[in-house]
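Colleague: Dumping the structure here so I can ask a few things about it.
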Amino acid sequence: MTDTYDLTVIIPTFNEEENIAAIIGAVNEVFLRSGIHGEVLVVDDSSKDRTIPIVQEVAGRSDNVRLIVRKEDHGLSQSVVEGFRAARSGIFQVIDADFSHPPELIPRFYEAIRGGVDIAIGSRYMKGGDIEQWPLKRRVISLGATAFGRILFPEVTDPVSGFFAVRREVVSGAPLAPRGYKILMEVLGKGRWRSFVEIPFVFKDREEGESKLHLETMIDYLRQCADITRFSITRRAGPVWDEWKKIARFGLVGLSGIFVNMGLLYALTEFAGLYYLISAAIAIELSIVNNFIWNDIWTFGAADNLRFERKIQRFGSFQVVSMGGLVINMGVLYLLADVFGVYYLVANLVGILIAFAWNYAINRHYTWRKGT
């Protein structure tokens, strides 16, 4: 496809008569100020209000405004994918119609993509980002969805953001099959990309109209996460597959640590004649050292040329996290067995699983985060 424009701003809509004319005007004003030769592509899900005639009227006065009306398979994410296919540029920007995403930031996304990254993501959760005028219930739901998404994409602070830009090559030919509202998750999970950048922004609640967040939206999101995981495991490629490999390796390293612990405890007690509690303390520490070395070399591939002091810092962090995991394991064991009467072996298994999740998540995001 010949690129007629520098940038396509895709605006998915459904019953947005209060906002649509204003958001189109705001985007075109950004184009004018920044010198971007851009188009506005409104993809509508057969709105029942005056959204469609309003866009038609605006398009009649503006050569760079187009409207697509979808008759079936409605959904925000599906509309965005339709926009990807119809866009007449090499860079796509997705933005909501209700001014929850600030149009004035569009040039920053555009320049980031032109600078070489594959995806530019607007983040509410990195430094400089925020959410305004959201009730507690929506904040909790959003934080939960974000935390769940970060299991798949731990380097991205806001993988469920609806405010992002992407180059055509990332999504062209990708088997995108999204449901619900989290189109970025689909792009991250199935698109062909290597680099991304996040741009902080302040999310503002709807200025006009009604929020469309419902229970089925959350169910669609969980199904989408499962589908992305299935896709990655089947293809054995992509960032999600890489993350699952890290989790598996982390688990195998932890298993090796158990053998080190048990073997040393037995050897130091039976052959060296040490008091078993002293043997246990030594065995625990050496198993932590074992786990750190293998995770550093194998799980996270961080056995590089970092200064010795940085490696010591990393080991110190791992040590603290491991002790925290031990406390969690023992706490869960006591709570379930002594307070709730759960069979102690079952209680211990639950404690181990929770401690494993703690150890992996904290070490992944802090001990072996990028830059350390």
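Each chain in the structure tokens gets a letter, A, B, ..., in the order shown, and its residues are numbered from 1; ligands are numbered from 1 in order too.
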Between stretch 164-274 of chain A and stretch 102-105 of chain A, at 10 Å or less, what are the per-residue closest atom pairs and their distances in Å? Count only C-alpha atoms, order by chain and rising residue number, and return it as CSV.

Modeller:
```
residue,atom,partner,partner_atom,distance
A:Ile199,CA,A:Leu105,CA,8.8
A:Pro200,CA,A:Leu105,CA,9.6
A:Phe201,CA,A:Pro102,CA,7.6
A:Val202,CA,A:Pro102,CA,7.9
A:Phe203,CA,A:Pro102,CA,7.9
A:Lys204,CA,A:Pro102,CA,8.4
```

Colleague: Only all heavy atoms, please: the residues just picked out, written as a PDB file, in the first residue's frame.

Modeller:
```
ATOM      1  N   ILE A 199       5.736   6.441  27.121  1.00  0.00           N
ATOM      2  CA  ILE A 199       5.608   7.884  27.282  1.00  0.00           C
ATOM      3  C   ILE A 199       4.562   8.140  28.367  1.00  0.00           C
ATOM      4  O   ILE A 199       3.413   7.705  28.228  1.00  0.00           O
ATOM      5  CB  ILE A 199       5.175   8.539  25.960  1.00  0.00           C
ATOM      6  CG1 ILE A 199       6.250   8.305  24.880  1.00  0.00           C
ATOM      7  CG2 ILE A 199       4.895  10.027  26.146  1.00  0.00           C
ATOM      8  CD1 ILE A 199       5.816   8.697  23.491  1.00  0.00           C
ATOM      9  N   PRO A 200       4.935   8.802  29.449  1.00  0.00           N
ATOM     10  CA  PRO A 200       3.957   9.021  30.526  1.00  0.00           C
ATOM     11  C   PRO A 200       2.854   9.982  30.098  1.00  0.00           C
ATOM     12  O   PRO A 200       3.100  10.939  29.363  1.00  0.00           O
ATOM     13  CB  PRO A 200       4.811   9.613  31.648  1.00  0.00           C
ATOM     14  CG  PRO A 200       5.955  10.268  30.955  1.00  0.00           C
ATOM     15  CD  PRO A 200       6.247   9.428  29.748  1.00  0.00           C
ATOM     16  N   PHE A 201       1.636   9.708  30.560  1.00  0.00           N
ATOM     17  CA  PHE A 201       0.536  10.640  30.313  1.00  0.00           C
ATOM     18  C   PHE A 201      -0.457  10.540  31.466  1.00  0.00           C
ATOM     19  O   PHE A 201      -0.495   9.550  32.195  1.00  0.00           O
ATOM     20  CB  PHE A 201      -0.150  10.357  28.976  1.00  0.00           C
ATOM     21  CG  PHE A 201      -1.140   9.210  29.000  1.00  0.00           C
ATOM     22  CD1 PHE A 201      -2.503   9.452  29.071  1.00  0.00           C
ATOM     23  CD2 PHE A 201      -0.709   7.894  28.946  1.00  0.00           C
ATOM     24  CE1 PHE A 201      -3.423   8.419  29.087  1.00  0.00           C
ATOM     25  CE2 PHE A 201      -1.611   6.842  28.957  1.00  0.00           C
ATOM     26  CZ  PHE A 201      -2.981   7.106  29.025  1.00  0.00           C
ATOM     27  N   VAL A 202      -1.232  11.576  31.622  1.00  0.00           N
ATOM     28  CA  VAL A 202      -2.257  11.622  32.660  1.00  0.00           C
ATOM     29  C   VAL A 202      -3.589  11.246  32.028  1.00  0.00           C
ATOM     30  O   VAL A 202      -4.096  11.941  31.153  1.00  0.00           O
ATOM     31  CB  VAL A 202      -2.342  13.015  33.305  1.00  0.00           C
ATOM     32  CG1 VAL A 202      -3.476  13.053  34.339  1.00  0.00           C
ATOM     33  CG2 VAL A 202      -1.014  13.386  33.950  1.00  0.00           C
ATOM     34  N   PHE A 203      -4.124  10.117  32.460  1.00  0.00           N
ATOM     35  CA  PHE A 203      -5.405   9.635  31.956  1.00  0.00           C
ATOM     36  C   PHE A 203      -6.527  10.417  32.626  1.00  0.00           C
ATOM     37  O   PHE A 203      -6.595  10.487  33.854  1.00  0.00           O
ATOM     38  CB  PHE A 203      -5.558   8.141  32.244  1.00  0.00           C
ATOM     39  CG  PHE A 203      -6.826   7.529  31.722  1.00  0.00           C
ATOM     40  CD1 PHE A 203      -6.848   6.890  30.499  1.00  0.00           C
ATOM     41  CD2 PHE A 203      -7.997   7.580  32.467  1.00  0.00           C
ATOM     42  CE1 PHE A 203      -8.009   6.306  30.012  1.00  0.00           C
ATOM     43  CE2 PHE A 203      -9.169   7.016  31.992  1.00  0.00           C
ATOM     44  CZ  PHE A 203      -9.174   6.371  30.761  1.00  0.00           C
ATOM     45  N   LYS A 204      -7.409  10.985  31.828  1.00  0.00           N
ATOM     46  CA  LYS A 204      -8.540  11.744  32.360  1.00  0.00           C
ATOM     47  C   LYS A 204      -9.824  10.987  32.066  1.00  0.00           C
ATOM     48  O   LYS A 204     -10.019  10.490  30.964  1.00  0.00           O
ATOM     49  CB  LYS A 204      -8.598  13.135  31.731  1.00  0.00           C
ATOM     50  CG  LYS A 204      -7.375  13.996  32.037  1.00  0.00           C
ATOM     51  CD  LYS A 204      -7.502  15.368  31.414  1.00  0.00           C
ATOM     52  CE  LYS A 204      -6.270  16.219  31.729  1.00  0.00           C
ATOM     53  NZ  LYS A 204      -6.356  17.568  31.117  1.00  0.00           N
TER      54      LYS A 204
END
```

Colleague: Taking only C-alpha atoms into account, produce a table as a Markdown table in which each residue of stretch 318-361 of chain A with an atom at most 12 Å from an atom of stretch 283-286 of chain A appears once, together with its shortest atom pair and the distance in Å to one decimal, ordered by chain and rising number.

Modeller:
```
| residue | atom | partner | partner_atom | distance |
| --- | --- | --- | --- | --- |
| A:Phe318 | CA | A:Glu285 | CA | 11.5 |
| A:Gln319 | CA | A:Glu285 | CA | 8.6 |
| A:Val320 | CA | A:Glu285 | CA | 11.5 |
| A:Ser322 | CA | A:Glu285 | CA | 9.8 |
| A:Met323 | CA | A:Ile284 | CA | 9.8 |
| A:Leu326 | CA | A:Ile284 | CA | 10.1 |
```

Colleague: Could the residues in this selection be saved with N, CA, C and O atoms as a compact mmCIF listing (two decimals), in the first residue's frame?

Modeller:
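Okay, this is what ended up in again_17.txt:
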```txt
# COMPACT_ATOMS: atom_id res chain seq x y z
N PHE A 318 18.71 -10.39 45.81
CA PHE A 318 18.21 -11.76 45.73
C PHE A 318 18.12 -12.39 47.12
O PHE A 318 17.17 -13.12 47.43
N GLN A 319 19.11 -12.10 47.94
CA GLN A 319 19.12 -12.63 49.31
C GLN A 319 17.90 -12.14 50.10
O GLN A 319 17.21 -12.93 50.76
N VAL A 320 17.64 -10.86 50.03
CA VAL A 320 16.51 -10.28 50.76
C VAL A 320 15.19 -10.87 50.26
O VAL A 320 14.31 -11.24 51.05
N SER A 322 14.73 -13.72 48.79
CA SER A 322 14.65 -15.13 49.18
C SER A 322 14.22 -15.29 50.63
O SER A 322 13.41 -16.16 50.97
N MET A 323 14.75 -14.44 51.50
CA MET A 323 14.34 -14.48 52.91
C MET A 323 12.86 -14.11 53.04
O MET A 323 12.13 -14.70 53.84
N LEU A 326 10.89 -17.10 52.16
CA LEU A 326 10.88 -18.07 53.26
C LEU A 326 9.85 -17.69 54.32
O LEU A 326 9.10 -18.54 54.82
```

Colleague: With distances taken over only C-alpha atoms, which residue among A:Asp73, A:Asp205, A:Glu270, A:Glu29 lies nearest A:Arg138?

Modeller: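 Closest to A:Arg138, using only C-alpha atoms: A:Asp205.
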
Colleague: Just give me the gap between atom CA of A:Gly83 and atom CA of A:Asp220 in Å, one decimal is fine.

Modeller: 20.5 Å

Colleague: Given the choices A:Asp158, A:Arg223, A:Val171, A:Phe153, which gets closest to A:Gly238 if the distance is worked out from only C-alpha atoms?

Modeller: A:Phe153

Colleague: Enumerate, as a list in words, the complete set of residues in stretch 88-130 of chain A that a backbone-based DSSP assignment places in strand (DSSP E).

Modeller: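 Listing strand (DSSP E) positions across stretch 88-130 of chain A yields Ile91, Phe92, Gln93, Val94, Ile119, Ala120, Ile121, Gly122, Ser123 and Asp130 of chain A.
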
Colleague: Please, which residues in stretch 199-318 of chain A fall within 12 Å of stretch 345-355 of chain A when counting only C-alpha atoms, and what is the closest atom pair and distance in Å to one decimal for each, ordered by chain then residue number, as JSON lines?

Modeller:
```
{"residue": "A:Gly251", "atom": "CA", "partner": "A:Leu353", "partner_atom": "CA", "distance": 10.3}
{"residue": "A:Gly254", "atom": "CA", "partner": "A:Ile352", "partner_atom": "CA", "distance": 10.7}
{"residue": "A:Leu255", "atom": "CA", "partner": "A:Ile352", "partner_atom": "CA", "distance": 11.3}
{"residue": "A:Ile258", "atom": "CA", "partner": "A:Ile352", "partner_atom": "CA", "distance": 11.7}
```

Colleague: Write the selection just made, keeping N, CA and C atoms, as a PDB file, in the first residue's frame?

Modeller:
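Dumped everything to selection-v9.pdb:
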```
ATOM      1  N   GLY A 251      12.013 -21.944  38.033  1.00  0.00           N
ATOM      2  CA  GLY A 251      11.502 -23.064  38.804  1.00  0.00           C
ATOM      3  C   GLY A 251      12.498 -24.214  38.894  1.00  0.00           C
ATOM      4  N   GLY A 254      15.182 -23.299  41.273  1.00  0.00           N
ATOM      5  CA  GLY A 254      14.683 -23.464  42.636  1.00  0.00           C
ATOM      6  C   GLY A 254      14.680 -24.921  43.063  1.00  0.00           C
ATOM      7  N   LEU A 255      14.339 -25.820  42.130  1.00  0.00           N
ATOM      8  CA  LEU A 255      14.355 -27.247  42.427  1.00  0.00           C
ATOM      9  C   LEU A 255      15.776 -27.724  42.719  1.00  0.00           C
ATOM     10  N   ILE A 258      16.714 -26.948  46.205  1.00  0.00           N
ATOM     11  CA  ILE A 258      16.193 -27.879  47.220  1.00  0.00           C
ATOM     12  C   ILE A 258      17.149 -29.048  47.407  1.00  0.00           C
TER      13      ILE A 258
END
```

Colleague: Please, what distance in Å, to one decimal, runs between atom CA of A:Val27 and atom CA of A:Ile106?

Modeller: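 Going from atom CA of A:Val27 over to atom CA of A:Ile106, I get 8.2 Å.
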
Colleague: Closest to A:Phe163 among A:Thr217, A:Ser100, A:Thr8, A:Ser47, using only C-alpha atoms?

Modeller: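 Closest to A:Phe163, using only C-alpha atoms: A:Ser100.
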
Colleague: Residues near stretch 167-169 of chain A, anyone? I mean within 7 Å using only C-alpha atoms, not counting same-chain ones fewer than 5 positions away, as a list of chain:residue names.

Modeller: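 Here the qualifying residues turn out to be A:Gly90, A:Ile91, A:Phe92, A:Ile113, A:Asp118, A:Ile119.
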
Colleague: Hey, what's within 8 Å of A:Phe14 if we count only C-alpha atoms and toss same-chain stuff fewer than 2 positions away? As JSON, numbers by chain, please?

Modeller: {"A": [12, 16, 44, 45, 46, 47, 48, 51]}

Colleague: Have a look at A:Lys137, A:Arg50, A:Arg70, A:Arg236 and name the one nearest to A:Ile20; count only C-alpha atoms.

Modeller: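 Ranking A:Lys137, A:Arg50, A:Arg70, A:Arg236 by distance to A:Ile20, first place goes to A:Arg50.
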
Colleague: Based on DSSP run over this structure's backbone, return all residues of stretch 32-106 of chain A in alpha helix (DSSP H), as a PyMOL selection string.

Modeller: chain A and resi 32-34+51-61+76-86+106
